[in-house]
Structures are given as C-alpha cells and as structure tokens.
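Asker: So that we are looking at the same thing, I have put the structure below in structure tokens.
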Amino acid sequence: MDLSLSDAQELLKASVAHFVQQECPKEVLLALEMTPTGTTPQLMRKMAELGWLGILIPEAYGGAGRSFTDAAVLFEELGKGPVCGPYFTSSVLGALLVLHGGSEEQKRALLPQVARGTCVLGVAVTEADYGWQPQAVQLRAHRQGDHYRLSGVKLFVHDAQAATHLLCAVRTGDDPRGGITLLVVEVPTAGLTVRSLPGWMGQVDEVRFEQVQVPATAVLGGVEGRGWDVLEAAALQAIPILCAYKVGSCQAVVDMALAYSRTRVQFGQPIGRFQRVQDHIIAMVNHLDAARWTTYEALWKLDSGRPAAASVHLAKAVTSEAYVKVCDGAHEVHAGVGVMREYGLTLHTQRSRALYHLLGDPRTHRRRLADALGW
Amino acid sequence: MDFEVTYTPEQEAFRAEVRAWLAANVPPDLEEPVDPAHLSYEQYGKRRELGRKLGAKGWLYPTYPPEYGGGGLSVDFALILEEELDRYGLHLPPYYDSGGRLGAASILVWGSEEQKRYFLPPMLTGQWRTWQLLSEPGAGSDLAAVQTRAVRDGDHYVINGQKIFIGSLHGCEMMWTLVVTDPEAPRHHNLSWFMIPADLPGIEVRPMELLTAGGEGGASPGLKHTVFFDNVRVPAFHLIGGENNGWKVATTHLELEHGGGGLIRRHRVAERFLEYCLTTKRHGVPLSQDPDVRDDMVEVYIKKEIVRLLGLRTYWLSHANRPRSYEGPQLSYCRKVTNLEIAEIILRALGPYTLTTDPAWAPLAGLLEHFQRAAVVGLHPGGTTDIQKVVMARRLGIGRTVREEAGRLR
C-alpha cells in the first residue's frame, strides 16, 4: 500500500502548477470565462508542446502514452485554476472515444493532431430530452447512398465552439443501445451551426443540424451500432479524470476559504476563530477528501486493470456534489467578497454547476452504481 | 498509488503460519452476541485465554518492540494478523482493552526505561487488561478540567476522586488515569498520568445504566462504570512521564483516540444491511427492487465507502509515518456522523422491524436494533463530534493563532 504520487507524478504536478500560475492567472481566466472557446491558440500550442494534449494518446499515435493517474494529476492541477477550455473534452473523452472505437485509419488521422492541438474533438451526445442514457439519443442519421443526412439538435454540448471535429452520437437503428452510432463530423460543415448558450453555462453549446450531409466513411470504427458501447467504455476511463479536475477545484476553493478566514478580521478577530465559520470549512474539507479518495481509488483500479465500474460511479456521484457543496461553503465564508467577480471564487462556482451534469449527474451515477454492484 | 497491500512470499508464508495457528488455537465455541452487553464471563474468559496465547507469540500487539512484549512486526505483517483474525470476526486484542491499545503507546513514548520494562510486557502479552479512566462528571469535552486529585505522600501518591464512562464487562487488572497534582499550576501544566492496579484498596467500581455502551474503535465494551477513588495509595513509580507532565502524555493516546491511527475495517452493519435487502422479500419482491429502498442502499454504500477510504488514508499516513494534521479527528468525526446517518437510513428503509430484538420479527437477530442504539451512544466516546471539529479547525490553522500539531505516536 502506498497512497503517494510517484516522483514522475510529483514532477508533472509541479510543472502543471507552474504553468497554471504563469499562463492562466486569475485575470486571464476571468477573461477566458466569457469567451466561446475558453482558450486561445497560444494556450493550445503551449499545452501541446508540453505533451499534455496527448497525455493519454499512445506514443504510436503521437501522444505521451501515460497512465490514467498521470492524466488525473494534470487535470487536478488544471482544476485548481480552474482552467477552462476543451482539454478534457478533446484530449481525454474525445481521444478515448477514438482509441476505443476508431478504425486504424481514423486513429492515425485524428490522434496525432489532437496531441498537437491542431484538431480539437467535441463530443455531442445529449439532446433536448436531456439525459445520459441511450434512450435519450434520438437524432437520426439517415443513410442515403455513400452518406448520412442529419437534421436535429444536440444540446448542452461542452466545448463545441472550440471543436474542429464533433463526435456525434446518432441513431441508425431502433434498438435503444445497439441503434447508436458515433459519427465524426467536421466543423464547419454545411447546415451545421454551433451556438454558445447565454447564461451561466460557460463553454456549453447548442449544435444544430439542418440537412447536414456526412460521408459514410465518418462512422467511427466503420460499423454502425457500436456507438453506445464505445461511449460507455471511454466514459468509464474519462470520468475519474474529470473527477480529478473537480478534486483540484475543491482543493483550490478550500485553500481560498482557509486563507480568507485567517486574514479577514471582524469583531476584532480573524473570522476563522468563529466556530460557525469553522463548521463551513470543515464540511468543505470533508467533501474535498471524500471526492479525492473515491477518485484516486477509481484511478488506481483503472490503471491496475481491476474492475472499476462501481468505483467510477461512486467517484462521479461524490465529486460532482462535492464541488457544488464546497463552493457553496466558500460563499458562506466569503460573503460579499466571494461574489465579486475579480476575487475569482465565482469562476469555481460557475464550473461546479456547469460540470455537474457532464457525463451524467449524481443521481444517474447512483443508479448506475447499484447496477454495477449487481443489485 | 497502490490501495492494496502487496504481500511478499515471506509474508504469505507468515499468513499460512497464522492461519494454521488460529485454526488450532481459536476456541471453536466463541460466540459473538449481537448486543455486546450479553457477553458471558465464560466467553470473555475464552477471549482472554486466546489473548494470552497471542501475547506469548508477540501477536497481541504485533507492532510493539519485542523487548517489551510486542511482536516487532512491520505493519504489513500486522495487517495479515488482523485479516486472518477478521475471518473469525475478531480484532486485536480479541476483547475490549482501551487502556492497552491507547495507554501502551503513551508509556512507550513517555515512560522511563524501567517503567517500560515493568508495565509494557504484561499489557502487551495479555496478562493485564487495562482500562482508561478519563471523563469525570465535571470534565467531559473539557478533559483538562479533571478534578481527581493525587497528593504526594512519601514514596506514594494518594488519589481521591471520581471517573465516569469507564471500562467494560468483567473487570480489569490495571487502570490508567489523568489527575491533578498541582492545583495552583496553569491549565495543562497541573496534571499527571498514573498507572493504577485495579485491586488497590479504596477503588470502587459501579456499573452505569446506559442506552448501550460504546467505544472508539476496538471491541465493544458492553458496559460502562463509575470508578471512585477513596484515598487510594499508588506507588510513585506508577507516575508516567513526570509530575505535572500528564497532558503531554495524554496527547499521545488522545491522538489515537481521535482517529490518528486510521482504520482498516469493514462496516459489518452496513454490509449485513445491504445483504439483507438483497435477500429479503417484502410485498413479494426483494427489498432491493423497491426503488426507495434501492436509493437508501446506495446512500448507505456511498457513506460507508467514504469512511472506509478516509480510514485507509489515515492508516497509511500513520503507518508510513507521513505528516498528519487534521486527518485523525476528521476520520473520527466522519465515522461517527456517518453511523448516525446510516442508522437513520436503515430505520427509514426497514421500518419498525429495526427496533425490535424479538426472535420472530427482528432482522439479523437484532443486530440492527443494537445499531440504532449504538450509533447514538457512539457519538461521544473518544471526544464528541463537536470536539473532533474543534481539533480539526486547530490543525487546519484557523482555530487558534498558532497551528496545532498532531500528537506524537512514536
């Protein structure tokens, strides 16, 4: 038993922390928060040069070929920012979809580019009748000769504005699971419009298809009906890395609240001396550690080849709630200062909400947990 | 990261040795009453006997130094012992021994060489069962406010006072306690820590009538007492750590009692509850197919998993000798609160069946009924949940101006 990071992981952690400090300080993140893509070409290039956009991509396809835990170390540090942008969607979820489902040709065409940052993958699954179960995929792809024709809407698609390729879950058959196919849709394509959604969503978009023609060669893996299986396999590995991002976020928010409660003086003493304030912080630390250790155990199971499904669902349910609750606690501690945009806490508050549903909300994962346990 | 202990061939050979030894030495007729208050004297005797046999091999307190009666084993070997005992539903020691589990660590850190050689071997080899005596009517959460007095008289101290929530069923051979030796000195500098033979004249032990008896870790005590000291003469040699240094000595066992050692242990009640829901039908279908019960099961599972992981994390920090701060009291807090929450979920999921021990109607032979009581009682031993939060805050550097450090375990 050894619950510490390896030396290589400690090194990676330090270099990501340095990067976030240098390239993504609060002022930059506050500006990026309001942009459609959440990133800049310069940031993409720098992260590609550091090998982080291909962290999970095997060396044979131009990546770094590192472990899930390594990737989690990277994303935990990014979560501390919190650094927005399409990195998780493209380099983790998207890359894993291509790895699990793509043909050799597709892997060679897409993955090296993802690692270089010249290709950004988006993943479009959910629709107007929102949900992460296969029945909720209703957008039909009608086969006509050597192409498919699509009309409909994908809703709440993360990072679609940044994507050069959208991996779209579409319906090619009636079987709830077996009728789903993943299509690689290039952006731009005639009839395809991507629109940022107004409000408190961040980089979450609507993708509208109007008589969009996609070549038959765009089927991921070349065979219809495998889409949901591929999505589940990729999600199982991607989710703990998303969880690690939230763990980093929770840690950053706890650190903010601790620092503030030591320095903010009211009634003649630091507010951290008040047990009401301590109660908020202790609850936050408990949420943080629950998120951290459920996530780490899921990562360990993935990397060591153990059955991981139950641990993954557990981690996702726990961390999504933890991030929201930790931010709520921080707002109790910070009061007015916490809602001033320039202070930076609201960057997290926004992310905690926007990432709550991604790849399934806590309720979905609770149900899947029961299934995974064989109940 | 590696969440599992990987065993060497040498350790696996040790496991085989332990397994064979336990098969030959664990009495076949050990009974585990659902309510620890029902542990008979005969059954207790069998556990003590097993404890002495384990102690003779250094397996009762396997990680303690062999020169004081321990096994001198590394954590991984000790874990094998715990795992193999767990197959019999037993822990180390196989009976309530709060004073040994917590006090031996204090003596090891704070005792003189002579004291270690005198006190530790009987504690660590199971000759003595030891109780800890801390709370008083006027000193619960505020432990440093104890009033029991020890006054020097020649080469003895004379002790007078009263301690509550003490011990277990079926007595003990030794006690240790925290008493005032300098009423004029400032708080935390006025106390001393004594080992007291339980058979000294002037000690009176009276049972308390409680909802049930709980304990922080270890085997369940089954019963708690009030202990009265009436001019009890204790040899000065029994003062550990020096006069008026008792609070420092106490920080060691308080750290352990505040969860600092961590915990690798299954949540038997939660596991039995989940299994019960999967195998018991109501209204013609398994309870687990009722959507509400299913949600309750998932909640119980999530809560017990979080506590398991916090226990594992703290265990690793402690045994790998990593820096610790708030993790012990956090584990204690989360474990206690989670038990209370799990008790409520079980009450909701299974209804009034949860409250009976009736042979005809009680699920799991009354295990859940006892848990309903034990979860409530379990909130206070080893420091209330609020005290755990106070300690956490100090360790996080917000409770006081100076950040408090974790107590010494070595």
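Chain labels A, B, ... are given in the sequence in which chains occur in the structure tokens; within each chain residues are numbered consecutively from 1, and ligands are likewise numbered from 1 in the order shown.
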Using only C-alpha atoms, what does the table of chain A residues within 9 Å of chain B look like, with each row giving the shortest atom pair and its distance in Å to one decimal, sorted by chain and ascending number, as CSV?
Answerer:
residue,atom,partner,partner_atom,distance
A:Met1,CA,B:Val5,CA,4.4
A:Asp2,CA,B:Asp2,CA,5.0
A:Leu3,CA,B:Met1,CA,4.7
A:Ser4,CA,B:Met1,CA,5.6
A:Leu5,CA,B:Met1,CA,5.9
A:Ser6,CA,B:Met1,CA,7.4
A:Thr69,CA,B:Met1,CA,8.3
A:Leu258,CA,B:Ile398,CA,7.2
A:Ala259,CA,B:Ile398,CA,9.0
A:Ser261,CA,B:Ile398,CA,7.1
A:Arg262,CA,B:Ile398,CA,6.1
A:Pro270,CA,B:Ile398,CA,8.3
A:Ile271,CA,B:Ile398,CA,8.5
A:Gly272,CA,B:Ile398,CA,4.9
A:Arg273,CA,B:Gly399,CA,5.1
A:Phe274,CA,B:Gly399,CA,7.8
A:Gln275,CA,B:Val390,CA,7.9
A:Gln278,CA,B:Ala393,CA,6.3
A:Asp279,CA,B:Lys389,CA,7.5
A:Ile281,CA,B:Ala393,CA,8.3
A:Ile282,CA,B:Lys389,CA,7.0
A:Val285,CA,B:Gln330,CA,8.9
A:Asn286,CA,B:Gln330,CA,7.3
A:Asp289,CA,B:Leu310,CA,7.5
A:Ala290,CA,B:Ile306,CA,5.6
A:Ala291,CA,B:Ile306,CA,8.6
A:Trp293,CA,B:Leu309,CA,6.2
A:Thr294,CA,B:Ile306,CA,7.0
A:Tyr296,CA,B:Met1,CA,7.9
A:Glu297,CA,B:Phe3,CA,6.8
A:Leu299,CA,B:Met1,CA,8.8
A:Trp300,CA,B:Met1,CA,6.4
A:Lys301,CA,B:Phe3,CA,8.7
A:Ser304,CA,B:Asp2,CA,8.7
A:Leu314,CA,B:Ile302,CA,6.8
A:Ala317,CA,B:Ile302,CA,9.0
A:Val318,CA,B:Ile302,CA,8.1
A:Arg366,CA,B:Val298,CA,6.5
A:Arg367,CA,B:Asp295,CA,7.8
A:Leu369,CA,B:Val298,CA,7.4
A:Ala370,CA,B:Val298,CA,6.4
A:Trp375,CA,B:Ser288,CA,6.9
Asker: Go ahead and write the residues just picked, N, CA and C atoms, as a CSV table (one decimal), in the first residue's frame.
Answerer:
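Now in part38.csv:
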chain,number,residue,atom,x,y,z
A,1,MET,N,0.8,-1.2,0.0
A,1,MET,CA,0.0,0.0,0.0
A,1,MET,C,0.9,1.2,0.0
A,2,ASP,N,0.6,2.1,-0.9
A,2,ASP,CA,1.3,3.4,-1.0
A,2,ASP,C,0.4,4.4,-1.7
A,3,LEU,N,-0.1,5.3,-0.9
A,3,LEU,CA,-1.1,6.3,-1.4
A,3,LEU,C,-0.4,7.6,-1.9
A,4,SER,N,0.9,7.6,-2.1
A,4,SER,CA,1.5,8.8,-2.5
A,4,SER,C,1.7,8.8,-4.0
A,5,LEU,N,2.0,9.9,-4.6
A,5,LEU,CA,2.2,10.0,-6.0
A,5,LEU,C,3.7,9.6,-6.3
A,6,SER,N,3.9,9.1,-7.5
A,6,SER,CA,5.3,8.7,-7.8
A,6,SER,C,6.1,10.0,-8.1
A,69,THR,N,-3.8,7.8,-14.0
A,69,THR,CA,-3.5,8.6,-12.8
A,69,THR,C,-2.6,9.8,-13.2
A,258,LEU,N,-9.7,29.0,3.6
A,258,LEU,CA,-8.8,28.9,4.7
A,258,LEU,C,-8.0,30.2,4.8
A,259,ALA,N,-7.5,30.6,3.7
A,259,ALA,CA,-6.6,31.9,3.7
A,259,ALA,C,-7.5,33.1,4.1
A,261,SER,N,-10.2,33.1,5.9
A,261,SER,CA,-10.7,33.1,7.3
A,261,SER,C,-9.6,33.4,8.2
A,262,ARG,N,-8.3,33.3,7.8
A,262,ARG,CA,-7.2,33.6,8.7
A,262,ARG,C,-6.9,35.1,8.6
A,270,PRO,N,-9.8,37.2,13.6
A,270,PRO,CA,-9.9,36.6,12.3
A,270,PRO,C,-11.2,35.7,12.3
A,271,ILE,N,-12.0,35.7,11.2
A,271,ILE,CA,-13.3,35.1,11.3
A,271,ILE,C,-13.1,33.6,11.4
A,272,GLY,N,-11.9,33.0,11.1
A,272,GLY,CA,-11.7,31.6,11.3
A,272,GLY,C,-11.8,31.2,12.7
A,273,ARG,N,-11.7,32.1,13.7
A,273,ARG,CA,-11.9,31.7,15.1
A,273,ARG,C,-13.3,31.4,15.5
A,274,PHE,N,-14.2,31.8,14.6
A,274,PHE,CA,-15.7,31.6,14.9
A,274,PHE,C,-16.0,30.2,14.5
A,275,GLN,N,-16.7,29.5,15.4
A,275,GLN,CA,-17.0,28.1,15.1
A,275,GLN,C,-18.0,27.9,14.0
A,278,GLN,N,-15.8,27.9,11.1
A,278,GLN,CA,-15.1,26.7,11.1
A,278,GLN,C,-16.0,25.5,10.6
A,279,ASP,N,-17.3,25.5,11.0
A,279,ASP,CA,-18.2,24.5,10.5
A,279,ASP,C,-18.3,24.4,9.0
A,281,ILE,N,-16.0,25.4,6.9
A,281,ILE,CA,-14.7,25.0,6.3
A,281,ILE,C,-14.5,23.5,6.5
A,282,ILE,N,-14.9,23.0,7.7
A,282,ILE,CA,-14.7,21.5,8.0
A,282,ILE,C,-15.6,20.7,7.1
A,285,VAL,N,-13.8,20.6,3.8
A,285,VAL,CA,-12.7,19.7,3.8
A,285,VAL,C,-13.2,18.2,3.7
A,286,ASN,N,-14.2,17.9,4.4
A,286,ASN,CA,-14.8,16.6,4.4
A,286,ASN,C,-15.3,16.2,3.0
A,289,ASP,N,-12.1,15.7,0.7
A,289,ASP,CA,-11.4,14.4,0.9
A,289,ASP,C,-12.2,13.2,0.5
A,290,ALA,N,-13.5,13.3,0.6
A,290,ALA,CA,-14.4,12.2,0.1
A,290,ALA,C,-14.2,12.2,-1.5
A,291,ALA,N,-14.2,13.3,-2.1
A,291,ALA,CA,-14.0,13.4,-3.5
A,291,ALA,C,-12.6,12.9,-3.9
A,293,TRP,N,-10.4,10.8,-2.4
A,293,TRP,CA,-10.1,9.4,-2.2
A,293,TRP,C,-11.0,8.5,-3.0
A,294,THR,N,-12.2,8.8,-3.2
A,294,THR,CA,-13.0,8.0,-4.1
A,294,THR,C,-12.5,8.1,-5.5
A,296,TYR,N,-9.2,8.8,-6.4
A,296,TYR,CA,-7.9,8.1,-6.5
A,296,TYR,C,-8.1,6.6,-6.6
A,297,GLU,N,-9.1,6.1,-5.8
A,297,GLU,CA,-9.2,4.6,-5.8
A,297,GLU,C,-9.7,4.2,-7.2
A,299,LEU,N,-9.1,5.6,-10.0
A,299,LEU,CA,-8.0,5.7,-10.9
A,299,LEU,C,-7.0,4.5,-10.8
A,300,TRP,N,-6.8,4.2,-9.5
A,300,TRP,CA,-5.9,3.0,-9.2
A,300,TRP,C,-6.5,1.7,-9.8
A,301,LYS,N,-7.8,1.6,-9.7
A,301,LYS,CA,-8.4,0.4,-10.2
A,301,LYS,C,-8.3,0.4,-11.7
A,304,SER,N,-4.6,-0.4,-12.7
A,304,SER,CA,-4.1,-1.7,-12.3
A,304,SER,C,-5.0,-2.8,-13.0
A,314,LEU,N,-19.2,5.7,-8.1
A,314,LEU,CA,-19.1,6.3,-6.8
A,314,LEU,C,-18.4,7.6,-6.8
A,317,ALA,N,-20.5,10.4,-8.6
A,317,ALA,CA,-21.6,10.9,-7.7
A,317,ALA,C,-21.0,11.8,-6.6
A,318,VAL,N,-20.0,11.4,-6.0
A,318,VAL,CA,-19.4,12.1,-4.8
A,318,VAL,C,-18.8,13.4,-5.2
A,366,ARG,N,-25.6,7.3,-9.2
A,366,ARG,CA,-26.1,6.5,-8.0
A,366,ARG,C,-26.8,5.2,-8.6
A,367,ARG,N,-27.7,5.4,-9.6
A,367,ARG,CA,-28.4,4.3,-10.1
A,367,ARG,C,-27.5,3.3,-10.8
A,369,LEU,N,-24.4,2.9,-10.1
A,369,LEU,CA,-23.6,2.2,-9.0
A,369,LEU,C,-24.4,1.0,-8.6
A,370,ALA,N,-25.7,1.1,-8.3
A,370,ALA,CA,-26.4,0.0,-7.9
A,370,ALA,C,-26.4,-1.1,-8.9
A,375,TRP,N,-26.9,-5.3,-7.9
A,375,TRP,CA,-28.1,-5.3,-7.1
A,375,TRP,C,-29.4,-5.5,-7.9
Asker: Just want the 12 Å neighbourhood of Leu79 of chain B, counted on only C-alpha atoms, with same-chain residues fewer than 3 positions away dropped. Output as a PyMOL selection string.
Answerer: (chain A and resi 1) or (chain B and resi 4-7+11-12+14-15+18+59+61-63+73-76+82-86+91-92+263-265+315-316+319)
Asker: So that I can see what lies close to segment 352-363 of chain A, please list as a ChimeraX atom specification the residues with an atom at most 9 Å from it, counting only C-alpha atoms and leaving out residues fewer than 2 positions away in the same chain.
Answerer: /A:131-133,156,158,200-204,235,239,242,246,249,313-314,316-327,347-350,365-368
Asker: I need the chosen residues saved as a CSV table (one decimal), in the first residue's frame, with C-alpha atoms.
Answerer:
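Dumped everything to part-v7.csv:
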chain,number,residue,atom,x,y,z
A,131,GLY,CA,-30.1,12.6,-20.4
A,132,TRP,CA,-27.1,10.3,-20.5
A,133,GLN,CA,-28.9,7.1,-21.1
A,156,PHE,CA,-25.6,21.2,-23.9
A,158,HIS,CA,-19.4,21.0,-24.0
A,200,TRP,CA,-24.2,30.8,-16.5
A,201,MET,CA,-23.1,27.9,-18.7
A,202,GLY,CA,-19.6,28.7,-19.8
A,203,GLN,CA,-18.4,26.8,-22.8
A,204,VAL,CA,-21.6,24.7,-23.3
A,235,ALA,CA,-16.6,7.4,-20.3
A,239,ILE,CA,-14.9,10.2,-15.7
A,242,LEU,CA,-13.0,14.7,-14.8
A,246,LYS,CA,-13.0,18.7,-9.6
A,249,SER,CA,-11.0,22.7,-7.9
A,313,HIS,CA,-19.8,5.7,-10.5
A,314,LEU,CA,-19.1,6.3,-6.8
A,316,LYS,CA,-18.6,10.7,-10.0
A,317,ALA,CA,-21.6,10.9,-7.7
A,318,VAL,CA,-19.4,12.1,-4.8
A,319,THR,CA,-17.2,14.6,-6.6
A,320,SER,CA,-20.0,16.4,-8.6
A,321,GLU,CA,-21.8,17.0,-5.3
A,322,ALA,CA,-18.7,17.9,-3.5
A,323,TYR,CA,-17.7,20.6,-6.0
A,324,VAL,CA,-21.1,22.3,-5.6
A,325,LYS,CA,-21.1,22.0,-1.8
A,326,VAL,CA,-17.5,23.2,-1.4
A,327,CYS,CA,-18.3,26.3,-3.5
A,347,LEU,CA,-15.0,31.0,-11.6
A,348,HIS,CA,-15.3,27.9,-9.5
A,349,THR,CA,-18.9,28.4,-8.6
A,350,GLN,CA,-19.8,28.5,-12.3
A,365,HIS,CA,-24.4,7.6,-11.3
A,366,ARG,CA,-26.1,6.5,-8.0
A,367,ARG,CA,-28.4,4.3,-10.1
A,368,ARG,CA,-25.6,3.0,-12.2
Asker: Would you mind writing down, as a PDB file with all heavy atoms, in the first residue's frame, each residue of segment 232-370 of chain A that DSSP on the backbone assigns to strand (DSSP E)?
Answerer:
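Produced file result_32.pdb, reproduced below:
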ATOM      1  N   VAL A 265     -10.705  40.055   9.274  1.00  0.00           N
ATOM      2  CA  VAL A 265     -10.972  40.364  10.675  1.00  0.00           C
ATOM      3  C   VAL A 265     -12.343  41.018  10.811  1.00  0.00           C
ATOM      4  O   VAL A 265     -12.652  41.988  10.112  1.00  0.00           O
ATOM      5  CB  VAL A 265      -9.872  41.280  11.249  1.00  0.00           C
ATOM      6  CG1 VAL A 265     -10.241  41.742  12.653  1.00  0.00           C
ATOM      7  CG2 VAL A 265      -8.529  40.548  11.266  1.00  0.00           C
ATOM      8  N   GLN A 266     -13.181  40.477  11.669  1.00  0.00           N
ATOM      9  CA  GLN A 266     -14.448  41.078  12.054  1.00  0.00           C
ATOM     10  C   GLN A 266     -14.628  40.866  13.552  1.00  0.00           C
ATOM     11  O   GLN A 266     -14.144  39.864  14.081  1.00  0.00           O
ATOM     12  CB  GLN A 266     -15.611  40.453  11.289  1.00  0.00           C
ATOM     13  CG  GLN A 266     -15.617  40.778   9.804  1.00  0.00           C
ATOM     14  CD  GLN A 266     -16.092  42.188   9.507  1.00  0.00           C
ATOM     15  OE1 GLN A 266     -17.277  42.457   9.369  1.00  0.00           O
ATOM     16  NE2 GLN A 266     -15.143  43.114   9.412  1.00  0.00           N
ATOM     17  N   GLN A 269     -11.383  39.912  15.503  1.00  0.00           N
ATOM     18  CA  GLN A 269     -10.548  38.721  15.352  1.00  0.00           C
ATOM     19  C   GLN A 269     -10.755  38.074  13.979  1.00  0.00           C
ATOM     20  O   GLN A 269     -11.770  38.321  13.328  1.00  0.00           O
ATOM     21  CB  GLN A 269     -10.826  37.728  16.468  1.00  0.00           C
ATOM     22  CG  GLN A 269     -12.269  37.332  16.611  1.00  0.00           C
ATOM     23  CD  GLN A 269     -12.485  36.387  17.787  1.00  0.00           C
ATOM     24  OE1 GLN A 269     -11.631  35.571  18.090  1.00  0.00           O
ATOM     25  NE2 GLN A 269     -13.628  36.500  18.431  1.00  0.00           N
ATOM     26  N   PRO A 270      -9.767  37.247  13.564  1.00  0.00           N
ATOM     27  CA  PRO A 270      -9.930  36.553  12.277  1.00  0.00           C
ATOM     28  C   PRO A 270     -11.203  35.722  12.312  1.00  0.00           C
ATOM     29  O   PRO A 270     -11.473  35.043  13.317  1.00  0.00           O
ATOM     30  CB  PRO A 270      -8.693  35.653  12.189  1.00  0.00           C
ATOM     31  CG  PRO A 270      -7.713  36.204  13.166  1.00  0.00           C
ATOM     32  CD  PRO A 270      -8.505  36.867  14.243  1.00  0.00           C
TER      33      PRO A 270
END
Asker: Set the distance at 9 Å and use only C-alpha atoms: which residues neighbour segment 97-104 of chain B once local chain neighbours fewer than 2 positions away are removed? I'd like the list as a PyMOL selection string.
Answerer: chain B and resi 61+93-95+106-109+116+119-120+123-124+126+128-133+167-168+172+174-176+215-219+221+250+252-254+256-257
Asker: Considering only C-alpha atoms, can you say which of B:Tyr118, B:Tyr157, B:Tyr96, B:Phe165 comes closest to Gly140 of chain B?
Answerer: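 When distances to Gly140 of chain B are compared using only C-alpha atoms, the smallest one comes from B:Phe165.
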Asker: List as a ChimeraX atom specification the protein and nucleic acid residues near Gly161 of chain B, meaning an atom at most 8 Å away when only C-alpha atoms are counted, but skip any in the same chain fewer than 5 places from it.
Answerer: /B:147-149,228-230
Asker: From the DSSP assignment of the backbone, select every residue of segment 167-308 of chain A that is helix (DSSP H, G or I), and format the answer as a VMD selection string.
Answerer: chain A and resid 216 to 218 220 to 222 227 to 263 271 to 273 275 to 303
Asker: Considering only C-alpha atoms, can you say which of B:Val377, B:Asp142, B:Thr177, B:Thr357 comes closest to Lys224 of chain B?
Answerer: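 Going through B:Val377, B:Asp142, B:Thr177, B:Thr357 one by one, the smallest distance to Lys224 of chain B is for B:Val377.
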Asker: Might you pull out every residue within 8 Å of Ile240 of chain B, with only C-alpha atoms counted and same-chain residues fewer than 5 positions away left off, and present them as a PyMOL selection string?
Answerer: chain B and resi 107+110-112+115+192-195+246+249
Asker: Take atom CA of Phe75 of chain A and atom CA of Leu12 of chain A and report the distance between them in Å, one decimal.
Answerer: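 One can read the atom CA of Phe75 of chain A to atom CA of Leu12 of chain A distance as 10.7 Å.
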Asker: Just give me the gap between atom CA of Leu368 of chain B and atom CA of Tyr276 of chain B in Å, one decimal is fine.
Answerer: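 Computing the Euclidean distance for atom CA of Leu368 of chain B and atom CA of Tyr276 of chain B yields 10.8 Å.
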Asker: What separation in Å, quoted to one decimal, exists between atom CA of Val187 of chain A and atom CA of Thr164 of chain A?
Answerer: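 Distance between the two atoms: 5.0 Å.
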Asker: Taking 5 positions as the minimum chain separation for residues in the same chain, which residues sit within 12 Å of segment 174-182 of chain A when counting only C-alpha atoms? Answer as a ChimeraX atom specification.
Answerer: /A:94,97-98,100-102,122-125,132-143,148,165-169,214,216-232
Asker: Please determine, counting only C-alpha atoms, which residue among B:Gly51, B:Pro121, B:Pro201, B:Gly214 has the shortest atom-to-atom distance to Pro381 of chain B.
Answerer: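 Checking each of B:Gly51, B:Pro121, B:Pro201, B:Gly214 against Pro381 of chain B, counting only C-alpha atoms, the winner is B:Gly214.
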